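Structure first, then comments.
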Amino acid sequence: MQTVTTIGLDIAKSVFQVHGIDAEGKVVIRRQLKRRYVLAFFQKLAPCLVGIEACASSHHWSRELKGLGHTVRLMPPAYVKPYVKRQKNDAADAEAICEAVTRANMRFVATKTPEQQSCLMLHRTRHLFVRQQTAVINAIQPISPSTGSSRRSDAMVLRNCSGSSPIRVTNGCPRLRARALPRSAPSCGCSRRRSWSSTV
């Protein structure tokens with residue numbers, strides 16, 4: 001078998017698609033791999049260039065393949081899409097990835113470490129909680145007019161989820177007014193700058 005120099009790897013939940021070419025651009029490998037056989041397959045190959053579309057799990061596979069001696073480059077899916085030649089399927093995507101990774105003007109995504117991914121997960125989880133809190137507030141606010149109260153001072157104050165402060169109810173009004181207390185940045189050690197105090 002001819003030496004494989006470049007591989008386009010289309011990752012999925014269970015079945016991965018591999019498209020490999022040699023130095024002359026001829027197709028050498030075009031096959032499907034189940035998830036448990038991916039690392040065993042790349043262990044048998046000589047070090048080569050592997051292209052993967054950037055996503056949450058692509059950073060894991062990038063670290064694993066780099067550990068086997070391969071050169072891995074992650075690309076945004078939007079930059080790979082123009083290279084799809086026919087209808088979208090796993091084989092066409094793998095071929096497009098293989099072609100896109102060889103382009104000199106292609107932009108690549110740096111592989112994240114597990115610590116960096118954990119930090120991003122923390123930011124996204126907090127953002128989810130803020131959106132859920134805002135949704136609850138917006139759902140409860142219209143209840144106030146039905147009780148005959150329209151004063152802003154008649155409110156329930158939401159505290160942080162630590163439960164250190166009780167919920168204060170004035171005049172028995174069910175109207176809800178959220179005041180998000182200033183929160184300190186999570187101790188994840190990341191350098192991402194963000195304003196952690198907000199008022200809803």
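Starting from 1 in every chain, residues are counted up; chains themselves are A, B, ... following the order of the structure tokens, and ligands are numbered from 1 as listed.
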>> Applying 9 Å and only C-alpha atoms, which residues near Thr102 in chain A remain after dropping the ones on its own chain fewer than 6 positions away? List them as a PyMOL selection string.
In response: chain A and resi 6+49+51
Please produce an output containing all heavy atoms for each residue in the selection, written as a compact mmCIF listing (two decimals), in the first residue's frame.
# COMPACT_ATOMS: atom_id res chain seq x y z
N THR A 6 -1.77 12.44 3.98
CA THR A 6 -2.82 13.32 4.49
C THR A 6 -4.11 12.53 4.68
O THR A 6 -4.48 11.73 3.82
CB THR A 6 -3.08 14.51 3.54
OG1 THR A 6 -1.86 15.17 3.26
CG2 THR A 6 -4.06 15.50 4.16
N LEU A 49 -0.38 13.91 8.24
CA LEU A 49 -1.21 15.08 8.54
C LEU A 49 -2.67 14.65 8.61
O LEU A 49 -3.19 14.04 7.68
CB LEU A 49 -1.02 16.15 7.46
CG LEU A 49 -1.91 17.39 7.55
CD1 LEU A 49 -1.63 18.16 8.84
CD2 LEU A 49 -1.69 18.28 6.34
N GLY A 51 -6.59 15.99 9.29
CA GLY A 51 -7.49 17.12 9.39
C GLY A 51 -8.82 16.71 10.01
O GLY A 51 -9.36 15.65 9.66
Using DSSP secondary structure from the backbone, list all alpha helix (DSSP H) positions within range 20-92 of chain A, as a PDB file with N, CA and C atoms, in the first residue's frame.
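Here's the written file selection15.pdb:
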ATOM      1  N   VAL A  38     -10.522   3.292  16.106  1.00  0.00           N
ATOM      2  CA  VAL A  38      -9.875   4.472  15.522  1.00  0.00           C
ATOM      3  C   VAL A  38      -8.405   4.557  15.925  1.00  0.00           C
ATOM      4  N   LEU A  39      -8.122   4.478  17.209  1.00  0.00           N
ATOM      5  CA  LEU A  39      -6.737   4.606  17.668  1.00  0.00           C
ATOM      6  C   LEU A  39      -5.870   3.455  17.174  1.00  0.00           C
ATOM      7  N   ALA A  40      -6.445   2.248  17.148  1.00  0.00           N
ATOM      8  CA  ALA A  40      -5.681   1.098  16.644  1.00  0.00           C
ATOM      9  C   ALA A  40      -5.334   1.279  15.174  1.00  0.00           C
ATOM     10  N   PHE A  41      -6.247   1.897  14.414  1.00  0.00           N
ATOM     11  CA  PHE A  41      -5.993   2.142  12.991  1.00  0.00           C
ATOM     12  C   PHE A  41      -4.848   3.131  12.804  1.00  0.00           C
ATOM     13  N   PHE A  42      -4.846   4.225  13.570  1.00  0.00           N
ATOM     14  CA  PHE A  42      -3.816   5.239  13.398  1.00  0.00           C
ATOM     15  C   PHE A  42      -2.479   4.798  13.992  1.00  0.00           C
ATOM     16  N   GLN A  43      -2.476   3.850  14.888  1.00  0.00           N
ATOM     17  CA  GLN A  43      -1.218   3.337  15.411  1.00  0.00           C
ATOM     18  C   GLN A  43      -0.417   2.607  14.339  1.00  0.00           C
ATOM     19  N   SER A  58     -13.553  17.070  19.044  1.00  0.00           N
ATOM     20  CA  SER A  58     -12.373  17.049  18.165  1.00  0.00           C
ATOM     21  C   SER A  58     -11.089  17.325  18.941  1.00  0.00           C
ATOM     22  N   HIS A  59     -11.177  18.089  20.027  1.00  0.00           N
ATOM     23  CA  HIS A  59      -9.977  18.373  20.806  1.00  0.00           C
ATOM     24  C   HIS A  59      -9.461  17.109  21.507  1.00  0.00           C
ATOM     25  N   HIS A  60     -10.390  16.251  21.933  1.00  0.00           N
ATOM     26  CA  HIS A  60      -9.978  14.982  22.542  1.00  0.00           C
ATOM     27  C   HIS A  60      -9.234  14.124  21.524  1.00  0.00           C
ATOM     28  N   TRP A  61      -9.809  13.989  20.334  1.00  0.00           N
ATOM     29  CA  TRP A  61      -9.173  13.152  19.313  1.00  0.00           C
ATOM     30  C   TRP A  61      -7.862  13.771  18.825  1.00  0.00           C
ATOM     31  N   SER A  62      -7.802  15.077  18.813  1.00  0.00           N
ATOM     32  CA  SER A  62      -6.557  15.736  18.425  1.00  0.00           C
ATOM     33  C   SER A  62      -5.438  15.394  19.408  1.00  0.00           C
ATOM     34  N   ARG A  63      -5.747  15.433  20.695  1.00  0.00           N
ATOM     35  CA  ARG A  63      -4.730  15.090  21.696  1.00  0.00           C
ATOM     36  C   ARG A  63      -4.313  13.631  21.581  1.00  0.00           C
ATOM     37  N   GLU A  64      -5.274  12.752  21.339  1.00  0.00           N
ATOM     38  CA  GLU A  64      -4.954  11.321  21.224  1.00  0.00           C
ATOM     39  C   GLU A  64      -4.079  11.047  20.002  1.00  0.00           C
ATOM     40  N   LEU A  65      -4.421  11.642  18.863  1.00  0.00           N
ATOM     41  CA  LEU A  65      -3.652  11.389  17.641  1.00  0.00           C
ATOM     42  C   LEU A  65      -2.268  12.039  17.701  1.00  0.00           C
ATOM     43  N   LYS A  66      -2.178  13.184  18.357  1.00  0.00           N
ATOM     44  CA  LYS A  66      -0.860  13.801  18.521  1.00  0.00           C
ATOM     45  C   LYS A  66       0.032  12.921  19.390  1.00  0.00           C
ATOM     46  N   GLY A  67      -0.570  12.231  20.353  1.00  0.00           N
ATOM     47  CA  GLY A  67       0.197  11.311  21.182  1.00  0.00           C
ATOM     48  C   GLY A  67       0.766  10.143  20.396  1.00  0.00           C
ATOM     49  N   PRO A  77     -15.916  24.222  10.777  1.00  0.00           N
ATOM     50  CA  PRO A  77     -16.755  23.567   9.760  1.00  0.00           C
ATOM     51  C   PRO A  77     -17.160  24.498   8.625  1.00  0.00           C
ATOM     52  N   ALA A  78     -17.331  25.794   8.927  1.00  0.00           N
ATOM     53  CA  ALA A  78     -17.736  26.740   7.880  1.00  0.00           C
ATOM     54  C   ALA A  78     -16.661  26.886   6.807  1.00  0.00           C
ATOM     55  N   TYR A  79     -15.396  26.679   7.173  1.00  0.00           N
ATOM     56  CA  TYR A  79     -14.313  26.782   6.197  1.00  0.00           C
ATOM     57  C   TYR A  79     -14.155  25.504   5.382  1.00  0.00           C
ATOM     58  N   VAL A  80     -14.692  24.405   5.885  1.00  0.00           N
ATOM     59  CA  VAL A  80     -14.592  23.130   5.173  1.00  0.00           C
ATOM     60  C   VAL A  80     -15.736  22.957   4.181  1.00  0.00           C
ATOM     61  N   ASP A  90     -21.043  11.347   5.089  1.00  0.00           N
ATOM     62  CA  ASP A  90     -19.774  11.189   5.812  1.00  0.00           C
ATOM     63  C   ASP A  90     -18.584  11.080   4.870  1.00  0.00           C
ATOM     64  N   ALA A  91     -18.735  10.329   3.783  1.00  0.00           N
ATOM     65  CA  ALA A  91     -17.626  10.163   2.843  1.00  0.00           C
ATOM     66  C   ALA A  91     -17.264  11.477   2.170  1.00  0.00           C
ATOM     67  N   ALA A  92     -18.282  12.251   1.787  1.00  0.00           N
ATOM     68  CA  ALA A  92     -18.022  13.541   1.143  1.00  0.00           C
ATOM     69  C   ALA A  92     -17.398  14.528   2.118  1.00  0.00           C
TER      70      ALA A  92
END
> How many Å separate CA of Pro114 in chain A from CA of Gln132 in chain A?
Replying inline: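 Answer for the CA of Pro114 in chain A to CA of Gln132 in chain A separation: 26.8 Å.
Relative to CA of Ser57 in chain A, CA of Val130 in chain A is found at 25.4 Å.
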> Residues at most 12 Å from Arg103 in chain A, counting only C-alpha atoms, excluding those fewer than 2 positions away in the same chain, as a PyMOL selection string?
Replying inline: chain A and resi 6+51+73+75+79-80+83+96-101+105-108
>> For a test of reading the model, state the distance in Å between CA of Gln17 in chain A and CA of Ile29 in chain A, rounded to one decimal.
In response: 10.1 Å
> With distances taken over only C-alpha atoms, which of A:Met121, A:Ser14, A:Gln116, A:His19 is nearest to Ile52 in chain A?
Replying inline: A:His19
